[in-house]
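Q: Here you go, this is work-v9.pdb (PDB, C-alpha atoms and all ligand atoms).
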ATOM      1  CA  MET A   1    -196.939-130.459  91.263
ATOM      2  CA  SER A   2    -200.297-131.475  92.532
ATOM      3  CA  ASP A   3    -201.995-132.228  89.219
ATOM      4  CA  GLN A   4    -202.345-135.901  88.480
ATOM      5  CA  PRO A   5    -200.269-136.444  85.358
ATOM      6  CA  LYS A   6    -202.305-137.589  82.404
ATOM      7  CA  VAL A   7    -201.171-140.759  80.753
ATOM      8  CA  ASP A   8    -200.817-140.490  77.029
ATOM      9  CA  SER A   9    -202.102-143.413  75.046
ATOM     10  CA  GLY A  10    -198.898-143.328  73.008
ATOM     11  CA  LYS A  11    -195.560-144.660  74.033
ATOM     12  CA  ARG A  12    -194.564-141.602  75.964
ATOM     13  CA  THR A  13    -196.291-140.261  79.001
ATOM     14  CA  TRP A  14    -196.381-136.974  80.755
ATOM     15  CA  LEU A  15    -195.954-139.008  83.891
ATOM     16  CA  ILE A  16    -192.365-139.672  82.894
ATOM     17  CA  ALA A  17    -192.004-136.067  81.893
ATOM     18  CA  SER A  18    -193.161-134.901  85.287
ATOM     19  CA  SER A  19    -190.832-137.214  87.176
ATOM     20  CA  CYS A  20    -187.840-136.150  85.160
ATOM     21  CA  ALA A  21    -188.662-132.496  85.433
ATOM     22  CA  GLY A  22    -188.901-132.952  89.197
ATOM     23  CA  VAL A  23    -185.227-133.800  89.309
ATOM     24  CA  VAL A  24    -184.344-130.277  88.423
ATOM     25  CA  GLY A  25    -187.091-128.553  90.346
ATOM     26  CA  GLY A  26    -185.974-125.072  91.215
ATOM     27  CA  VAL A  27    -184.154-124.448  87.983
ATOM     28  CA  ALA A  28    -186.972-122.231  86.837
ATOM     29  CA  ALA A  29    -185.683-119.901  84.177
ATOM     30  CA  ALA A  30    -185.910-116.176  84.477
ATOM     31  CA  VAL A  31    -188.022-116.244  81.348
ATOM     32  CA  PRO A  32    -191.590-115.127  81.988
ATOM     33  CA  PHE A  33    -193.745-118.206  82.028
ATOM     34  CA  VAL A  34    -197.497-118.290  81.786
ATOM     35  CA  ALA A  35    -199.074-121.617  82.678
ATOM     36  CA  SER A  36    -202.576-122.192  81.485
ATOM     37  CA  PHE A  37    -204.082-125.589  82.050
ATOM     38  CA  ALA A  38    -207.645-124.586  81.572
ATOM     39  CA  PRO A  39    -209.379-126.432  78.768
ATOM     40  CA  SER A  40    -212.745-127.723  79.895
ATOM     41  CA  GLU A  41    -212.836-131.166  81.477
ATOM     42  CA  ARG A  42    -215.129-132.303  78.701
ATOM     43  CA  ALA A  43    -212.748-131.195  75.986
ATOM     44  CA  ARG A  44    -209.870-132.730  77.840
ATOM     45  CA  ALA A  45    -211.566-136.092  78.155
ATOM     46  CA  ALA A  46    -212.483-136.188  74.501
ATOM     47  CA  GLY A  47    -209.070-135.085  73.312
ATOM     48  CA  ALA A  48    -210.900-132.286  71.548
ATOM     49  CA  PRO A  49    -209.065-129.357  70.006
ATOM     50  CA  VAL A  50    -208.171-126.668  72.504
ATOM     51  CA  GLU A  51    -208.685-122.999  71.766
ATOM     52  CA  VAL A  52    -206.068-120.679  73.184
ATOM     53  CA  ASP A  53    -205.899-116.919  73.456
ATOM     54  CA  VAL A  54    -202.283-116.011  72.761
ATOM     55  CA  SER A  55    -202.824-112.284  72.449
ATOM     56  CA  ALA A  56    -201.319-111.526  75.872
ATOM     57  CA  LEU A  57    -198.011-113.269  75.116
ATOM     58  CA  LYS A  58    -195.169-110.818  74.788
ATOM     59  CA  PRO A  59    -192.029-111.435  72.717
ATOM     60  CA  GLY A  60    -189.807-113.849  74.633
ATOM     61  CA  GLU A  61    -192.687-115.329  76.627
ATOM     62  CA  MET A  62    -194.012-118.848  76.628
ATOM     63  CA  MET A  63    -197.224-120.437  77.758
ATOM     64  CA  THR A  64    -198.199-124.063  78.167
ATOM     65  CA  VAL A  65    -201.588-125.613  77.516
ATOM     66  CA  GLU A  66    -202.701-129.193  77.817
ATOM     67  CA  TRP A  67    -203.917-131.067  74.769
ATOM     68  CA  ARG A  68    -204.645-134.790  74.893
ATOM     69  CA  GLY A  69    -202.781-135.025  78.164
ATOM     70  CA  LYS A  70    -199.642-133.510  76.681
ATOM     71  CA  PRO A  71    -198.046-130.140  77.383
ATOM     72  CA  VAL A  72    -198.122-127.919  74.326
ATOM     73  CA  TRP A  73    -195.829-124.924  74.363
ATOM     74  CA  ILE A  74    -196.606-121.684  72.640
ATOM     75  CA  VAL A  75    -193.613-119.380  72.415
ATOM     76  CA  ARG A  76    -193.667-115.883  71.000
ATOM     77  CA  ARG A  77    -190.166-115.568  69.619
ATOM     78  CA  THR A  78    -188.224-112.358  69.508
ATOM     79  CA  PRO A  79    -186.647-111.091  66.248
ATOM     80  CA  GLN A  80    -183.255-112.119  67.656
ATOM     81  CA  GLN A  81    -184.448-115.637  68.377
ATOM     82  CA  LEU A  82    -185.852-115.946  64.869
ATOM     83  CA  ALA A  83    -182.649-114.601  63.351
ATOM     84  CA  SER A  84    -180.634-117.287  65.153
ATOM     85  CA  LEU A  85    -182.485-120.165  63.470
ATOM     86  CA  PRO A  86    -180.889-120.344  59.985
ATOM     87  CA  LYS A  87    -177.390-120.044  61.441
ATOM     88  CA  LEU A  88    -177.917-123.208  63.478
ATOM     89  CA  ASP A  89    -178.704-125.550  60.598
ATOM     90  CA  PRO A  90    -175.245-127.184  60.427
ATOM     91  CA  GLN A  91    -175.451-128.125  64.117
ATOM     92  CA  LEU A  92    -178.869-129.767  63.903
ATOM     93  CA  ALA A  93    -179.837-133.383  63.290
ATOM     94  CA  ASP A  94    -182.822-132.581  61.085
ATOM     95  CA  PRO A  95    -182.743-128.879  60.244
ATOM     96  CA  LYS A  96    -185.357-129.094  57.484
ATOM     97  CA  SER A  97    -187.766-131.261  59.491
ATOM     98  CA  GLU A  98    -187.626-134.061  56.956
ATOM     99  CA  ARG A  99    -187.799-136.960  59.407
ATOM    100  CA  LYS A 100    -191.195-138.507  60.147
ATOM    101  CA  PRO A 101    -192.952-135.516  58.636
ATOM    102  CA  ASP A 102    -196.426-136.992  59.094
ATOM    103  CA  GLU A 103    -195.815-137.518  62.801
ATOM    104  CA  LEU A 104    -193.676-134.548  63.720
ATOM    105  CA  THR A 105    -194.107-131.635  61.367
ATOM    106  CA  PRO A 106    -197.291-130.761  59.481
ATOM    107  CA  GLU A 107    -196.700-129.477  55.990
ATOM    108  CA  TYR A 108    -197.432-125.869  56.932
ATOM    109  CA  ALA A 109    -194.645-126.018  59.525
ATOM    110  CA  ARG A 110    -191.947-127.512  57.303
ATOM    111  CA  ASN A 111    -190.034-124.283  57.080
ATOM    112  CA  GLU A 112    -187.123-122.643  58.848
ATOM    113  CA  HIS A 113    -189.191-121.518  61.837
ATOM    114  CA  ARG A 114    -191.373-124.667  61.943
ATOM    115  CA  SER A 115    -194.550-122.683  62.328
ATOM    116  CA  ILE A 116    -197.416-120.976  60.551
ATOM    117  CA  LYS A 117    -196.551-117.499  61.798
ATOM    118  CA  PRO A 118    -192.801-117.014  62.186
ATOM    119  CA  GLU A 119    -193.255-115.352  65.570
ATOM    120  CA  TYR A 120    -195.126-118.209  67.236
ATOM    121  CA  LEU A 121    -193.686-121.638  67.922
ATOM    122  CA  VAL A 122    -196.281-124.275  68.802
ATOM    123  CA  ALA A 123    -194.699-127.557  69.908
ATOM    124  CA  VAL A 124    -195.384-130.526  72.145
ATOM    125  CA  GLY A 125    -193.042-130.195  75.108
ATOM    126  CA  ILE A 126    -191.995-133.828  75.299
ATOM    127  CA  CYS A 127    -188.469-134.950  74.458
ATOM    128  CA  SER A 128    -188.166-137.415  71.585
ATOM    129  CA  HIS A 129    -185.702-139.533  73.593
ATOM    130  CA  LEU A 130    -187.560-140.968  76.588
ATOM    131  CA  GLY A 131    -190.338-138.498  77.115
ATOM    132  CA  CYS A 132    -189.042-135.996  79.669
ATOM    133  CA  SER A 133    -190.234-132.451  79.409
ATOM    134  CA  PRO A 134    -187.391-130.120  78.383
ATOM    135  CA  THR A 135    -186.785-126.877  80.227
ATOM    136  CA  GLU A 136    -186.817-123.509  78.529
ATOM    137  CA  LYS A 137    -183.352-121.964  78.277
ATOM    138  CA  PHE A 138    -184.046-118.794  76.344
ATOM    139  CA  GLN A 139    -181.143-116.833  77.763
ATOM    140  CA  PRO A 140    -178.306-116.918  75.198
ATOM    141  CA  GLY A 141    -174.666-117.428  76.134
ATOM    142  CA  ALA A 142    -172.573-119.823  78.176
ATOM    143  CA  GLN A 143    -174.246-121.559  81.113
ATOM    144  CA  PRO A 144    -174.156-124.986  82.777
ATOM    145  CA  SER A 145    -174.916-127.946  80.468
ATOM    146  CA  LEU A 146    -174.990-125.716  77.391
ATOM    147  CA  PRO A 147    -172.383-124.658  74.817
ATOM    148  CA  ASP A 148    -170.733-121.246  75.052
ATOM    149  CA  ASP A 149    -172.378-120.103  71.830
ATOM    150  CA  TRP A 150    -175.873-121.087  72.992
ATOM    151  CA  ALA A 151    -178.460-119.024  71.104
ATOM    152  CA  GLY A 152    -181.457-119.908  73.256
ATOM    153  CA  GLY A 153    -183.718-122.948  73.158
ATOM    154  CA  PHE A 154    -184.584-125.894  75.378
ATOM    155  CA  LEU A 155    -182.554-128.359  77.452
ATOM    156  CA  CYS A 156    -183.854-131.770  78.384
ATOM    157  CA  PRO A 157    -182.699-132.330  81.962
ATOM    158  CA  CYS A 158    -182.854-136.116  81.769
ATOM    159  CA  HIS A 159    -179.985-136.859  79.381
ATOM    160  CA  GLY A 160    -178.920-133.487  78.042
ATOM    161  CA  SER A 161    -180.601-133.259  74.658
ATOM    162  CA  THR A 162    -180.883-129.723  73.385
ATOM    163  CA  PHE A 163    -183.373-128.111  71.025
ATOM    164  CA  ASP A 164    -183.329-124.734  69.339
ATOM    165  CA  MET A 165    -186.072-122.091  69.411
ATOM    166  CA  ALA A 166    -187.926-124.037  66.717
ATOM    167  CA  GLY A 167    -187.829-127.310  68.667
ATOM    168  CA  ARG A 168    -185.167-128.756  66.337
ATOM    169  CA  VAL A 169    -182.829-131.204  68.026
ATOM    170  CA  PHE A 170    -179.068-130.691  68.002
ATOM    171  CA  LYS A 171    -176.803-133.372  66.524
ATOM    172  CA  ASN A 172    -175.148-136.080  68.611
ATOM    173  CA  LYS A 173    -177.691-135.976  71.402
ATOM    174  CA  PRO A 174    -179.744-138.857  72.767
ATOM    175  CA  ALA A 175    -182.985-137.445  71.367
ATOM    176  CA  PRO A 176    -183.309-138.610  67.760
ATOM    177  CA  ASP A 177    -185.939-136.220  66.523
ATOM    178  CA  ASN A 178    -187.254-132.707  66.635
ATOM    179  CA  LEU A 179    -190.113-131.870  68.981
ATOM    180  CA  GLU A 180    -193.540-132.536  67.542
ATOM    181  CA  VAL A 181    -195.489-129.647  66.067
ATOM    182  CA  PRO A 182    -199.125-130.547  66.741
ATOM    183  CA  PRO A 183    -201.875-129.852  64.242
ATOM    184  CA  HIS A 184    -202.979-126.285  64.751
ATOM    185  CA  THR A 185    -204.518-123.316  63.021
ATOM    186  CA  TYR A 186    -205.356-119.674  63.726
ATOM    187  CA  LEU A 187    -209.043-118.882  64.075
ATOM    188  CA  ALA A 188    -208.225-115.180  64.156
ATOM    189  CA  ASP A 189    -205.323-112.986  65.146
ATOM    190  CA  GLY A 190    -204.315-114.131  68.615
ATOM    191  CA  ARG A 191    -206.735-117.068  68.663
ATOM    192  CA  LEU A 192    -205.102-120.408  68.168
ATOM    193  CA  LEU A 193    -206.754-123.793  67.845
ATOM    194  CA  ILE A 194    -204.573-126.752  68.830
ATOM    195  CA  GLY A 195    -205.507-130.224  67.688
ATOM    196  CA  GLU A 196    -207.006-129.379  64.339
ATOM    197  CA  ASP A 197    -205.716-127.807  61.177
ATOM    198  CA  LYS A 198    -207.405-126.274  58.227
ATOM    199  CA  LYS A 199    -207.718-128.808  55.512
ATOM    200  CA  ALA A 200    -207.382-127.526  52.015
TER     201      ALA A 200
HETATM  202  S1  LIG B   1    -185.515-137.925  77.762
HETATM  203 FE1  LIG B   1    -184.725-136.088  76.931
HETATM  204  S2  LIG B   1    -182.647-136.544  76.691
HETATM  205 FE2  LIG B   1    -183.438-138.382  77.466
END
When written as structure tokens, how does the structure in this file appear?
Ligand code: FES
A:
Amino acid sequence: MSDQPKVDSGKRTWLIASSCAGVVGGVAAAVPFVASFAPSERARAAGAPVEVDVSALKPGEMMTVEWRGKPVWIVRRTPQQLASLPKLDPQLADPKSERKPDELTPEYARNEHRSIKPEYLVAVGICSHLGCSPTEKFQPGAQPSLPDDWAGGFLCPCHGSTFDMAGRVFKNKPAPDNLEVPPHTYLADGRLLIGEDKKA
């Protein structure tokens, strides 16, 4: 990738994420992927909220935008993917998103689907272990590095942590926590603002 990775001011960096992801270059999933790194330079520099048009996303598709130097995933989940979520609770480390709620899961996302609208997952694509960027593995079923009853989700290529379609981490994996849900709100149908939420 030719883009200079942005260094996050926090403990994790996208730099690490990029290096790790490079290890498995070529493992691109068959899932349609729309990359969109197009917030204005000014907004990027200021860490300003990023407005995203998600209206073109079809069920099962994912897009990535950059916010504060971090990749933010937006996934439009299919009814099947949503239906898989409650069944996975016993296998997850923090199914109800109770850990570090102020850091990881805004109040409006502390629900089964971890989102405002059930269909759309919005999550920071950085593993809670050492900061690699997990790979989308939306195809259910047995496949390398995943259990036979895999229902779709994300696999971190660095040390094998797995996350479900709501970014919730599976038990007994190196990653301790779920993926972060960033502050976000809908300005209108199909128009998402990442980096700011509606205060009551
Ligand atoms: S960085 Fe993801 S499992 Fe280690």
Q: Hey, could you pull the box centre and edge lengths for ligand LIG 1 (chain B), axis-aligned, 5 Å padding per side, all listed atoms, to one decimal in Å, as AutoDock Vina command-line options?
A:
--center_x -184.1 --center_y -137.2 --center_z 77.2 --size_x 12.9 --size_y 12.3 --size_z 11.1
Q: Go through the chains and note each residue within 8 Å of ligand LIG 1 (chain B), using only C-alpha atoms and all ligand atoms, then give the set as a compact mmCIF listing (two decimals) with C-alpha atoms, in the coordinates of the input.
A:
# COMPACT_ATOMS: atom_id res chain seq x y z
CA ALA A 17 -192.00 -136.07 81.89
CA CYS A 20 -187.84 -136.15 85.16
CA ILE A 126 -192.00 -133.83 75.30
CA CYS A 127 -188.47 -134.95 74.46
CA SER A 128 -188.17 -137.42 71.58
CA HIS A 129 -185.70 -139.53 73.59
CA LEU A 130 -187.56 -140.97 76.59
CA GLY A 131 -190.34 -138.50 77.11
CA CYS A 132 -189.04 -136.00 79.67
CA SER A 133 -190.23 -132.45 79.41
CA PRO A 134 -187.39 -130.12 78.38
CA CYS A 156 -183.85 -131.77 78.38
CA PRO A 157 -182.70 -132.33 81.96
CA CYS A 158 -182.85 -136.12 81.77
CA HIS A 159 -179.98 -136.86 79.38
CA GLY A 160 -178.92 -133.49 78.04
CA SER A 161 -180.60 -133.26 74.66
CA THR A 162 -180.88 -129.72 73.39
CA LYS A 173 -177.69 -135.98 71.40
CA PRO A 174 -179.74 -138.86 72.77
CA ALA A 175 -182.98 -137.44 71.37
Q: Compare A:Glu51, A:Glu98, A:Glu103, A:Asp164 by their minimum atom-to-atom distance to A:Pro182, counting only C-alpha atoms, and give me the closest one.
A: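 Closest candidate: A:Glu103.
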Q: Between atom CA of A:Glu61 and atom CA of A:Phe138, what is the distance in Å, rounded to a tenth?
A: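 Those two atoms sit 9.3 Å apart.
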Q: Between A:Thr185, A:Gly125, A:Pro176, A:Lys198, which has the minimum distance to A:Val50 (counting all atoms listed in the file)?
A: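 Counting all atoms listed in the file, the residue closest to A:Val50 is A:Thr185.
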Q: Please work out which residues fall within 12 Å of (-182.1, -125.0, 74.8), coordinates as given in the file, with only C-alpha atoms counting, and return them as a VMD selection string.
A: chain A and resid 29 81 127 133 to 157 160 to 170
Q: Please determine, counting only C-alpha atoms, which residue among A:Arg77, A:Lys171, A:Arg110, A:Arg191 has the shortest atom-to-atom distance to A:Gln91.
A: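 Under the stated criterion, the closest residue is A:Lys171.
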Q: Provide the atom CA of A:Ala109 to atom CA of A:Leu85 distance in Å, to one decimal place.
A: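 Result for atom CA of A:Ala109 versus atom CA of A:Leu85: 14.1 Å, one decimal.
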Q: Just to confirm, what's the straight-line distance from atom CA of A:Lys117 to atom CA of A:Pro90 in Å (one decimal)?
A: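 Rounded to one decimal, the two atoms are 23.4 Å apart.
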Q: Should you be able to, write stretch 155-180 of chain A of this structure into a file that contains N, CA, C and O atoms, as a CSV table (one decimal), in the first residue's frame.
A:
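As written to disk, result-v2.csv reads:
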chain,number,residue,atom,x,y,z
A,155,LEU,N,-11.1,-12.0,11.3
A,155,LEU,CA,-10.0,-12.8,11.8
A,155,LEU,C,-8.8,-11.9,11.8
A,155,LEU,O,-8.4,-11.2,10.8
A,156,CYS,N,-8.1,-11.8,13.0
A,156,CYS,CA,-6.9,-11.0,13.0
A,156,CYS,C,-5.7,-11.9,12.6
A,156,CYS,O,-5.5,-12.9,13.3
A,157,PRO,N,-5.0,-11.5,11.6
A,157,PRO,CA,-4.0,-12.4,11.0
A,157,PRO,C,-2.8,-12.5,11.9
A,157,PRO,O,-2.0,-13.5,11.8
A,158,CYS,N,-2.6,-11.6,12.8
A,158,CYS,CA,-1.4,-11.6,13.6
A,158,CYS,C,-1.3,-12.7,14.6
A,158,CYS,O,-0.3,-13.4,14.7
A,159,HIS,N,-2.3,-12.9,15.4
A,159,HIS,CA,-2.2,-13.9,16.4
A,159,HIS,C,-3.5,-14.7,16.5
A,159,HIS,O,-3.8,-15.4,17.5
A,160,GLY,N,-4.4,-14.6,15.5
A,160,GLY,CA,-5.6,-15.4,15.5
A,160,GLY,C,-6.8,-15.1,16.3
A,160,GLY,O,-7.7,-15.9,16.4
A,161,SER,N,-6.9,-13.8,16.7
A,161,SER,CA,-8.1,-13.5,17.4
A,161,SER,C,-9.3,-13.4,16.4
A,161,SER,O,-9.0,-13.0,15.3
A,162,THR,N,-10.4,-13.7,16.9
A,162,THR,CA,-11.6,-13.7,16.0
A,162,THR,C,-12.7,-12.8,16.6
A,162,THR,O,-12.8,-12.7,17.9
A,163,PHE,N,-13.4,-12.2,15.8
A,163,PHE,CA,-14.5,-11.3,16.2
A,163,PHE,C,-15.8,-11.6,15.3
A,163,PHE,O,-15.6,-12.0,14.2
A,164,ASP,N,-16.9,-11.4,16.0
A,164,ASP,CA,-18.1,-11.7,15.2
A,164,ASP,C,-18.6,-10.5,14.4
A,164,ASP,O,-17.8,-9.6,14.3
A,165,MET,N,-19.7,-10.6,13.8
A,165,MET,CA,-20.2,-9.6,12.9
A,165,MET,C,-20.6,-8.3,13.6
A,165,MET,O,-21.1,-7.3,13.0
A,166,ALA,N,-20.5,-8.3,14.9
A,166,ALA,CA,-20.7,-7.1,15.7
A,166,ALA,C,-19.4,-6.6,16.3
A,166,ALA,O,-19.4,-5.8,17.2
A,167,GLY,N,-18.3,-7.2,15.9
A,167,GLY,CA,-17.0,-6.8,16.4
A,167,GLY,C,-16.7,-7.3,17.8
A,167,GLY,O,-15.9,-6.8,18.6
A,168,ARG,N,-17.5,-8.3,18.3
A,168,ARG,CA,-17.3,-8.9,19.6
A,168,ARG,C,-16.3,-10.0,19.6
A,168,ARG,O,-16.3,-10.9,18.7
A,169,VAL,N,-15.3,-9.9,20.5
A,169,VAL,CA,-14.2,-10.9,20.5
A,169,VAL,C,-14.6,-12.2,21.1
A,169,VAL,O,-15.4,-12.3,22.0
A,170,PHE,N,-14.1,-13.3,20.5
A,170,PHE,CA,-14.4,-14.6,21.0
A,170,PHE,C,-13.5,-14.9,22.2
A,170,PHE,O,-12.4,-14.3,22.3
A,171,LYS,N,-14.0,-15.8,23.0
A,171,LYS,CA,-13.3,-16.2,24.3
A,171,LYS,C,-11.9,-16.9,23.9
A,171,LYS,O,-11.8,-17.5,22.9
A,172,ASN,N,-11.0,-16.8,24.9
A,172,ASN,CA,-9.8,-17.5,24.8
A,172,ASN,C,-8.9,-17.2,23.6
A,172,ASN,O,-8.3,-18.0,23.0
A,173,LYS,N,-8.9,-15.9,23.3
A,173,LYS,CA,-8.1,-15.4,22.2
A,173,LYS,C,-7.2,-14.3,22.8
A,173,LYS,O,-7.5,-13.8,23.8
A,174,PRO,N,-6.1,-14.0,22.1
A,174,PRO,CA,-5.2,-13.0,22.6
A,174,PRO,C,-5.8,-11.6,22.8
A,174,PRO,O,-5.5,-10.9,23.7
A,175,ALA,N,-6.7,-11.3,21.9
A,175,ALA,CA,-7.4,-10.0,22.0
A,175,ALA,C,-8.3,-10.0,23.2
A,175,ALA,O,-9.2,-10.8,23.4
A,176,PRO,N,-8.1,-9.0,24.2
A,176,PRO,CA,-8.9,-9.0,25.4
A,176,PRO,C,-10.3,-8.4,25.2
A,176,PRO,O,-11.3,-8.7,25.9
A,177,ASP,N,-10.5,-7.5,24.2
A,177,ASP,CA,-11.7,-6.7,24.2
A,177,ASP,C,-12.3,-6.7,22.8
A,177,ASP,O,-11.7,-7.0,21.8
A,178,ASN,N,-13.6,-6.3,22.8
A,178,ASN,CA,-14.3,-6.1,21.5
A,178,ASN,C,-13.7,-5.0,20.7
A,178,ASN,O,-13.0,-4.1,21.3
A,179,LEU,N,-14.0,-4.9,19.5
A,179,LEU,CA,-13.5,-3.8,18.7
A,179,LEU,C,-14.3,-2.5,19.1
A,179,LEU,O,-15.4,-2.6,19.6
A,180,GLU,N,-13.6,-1.4,19.0
A,180,GLU,CA,-14.2,-0.1,19.4
A,180,GLU,C,-15.3,0.3,18.5
A,180,GLU,O,-15.1,0.3,17.2
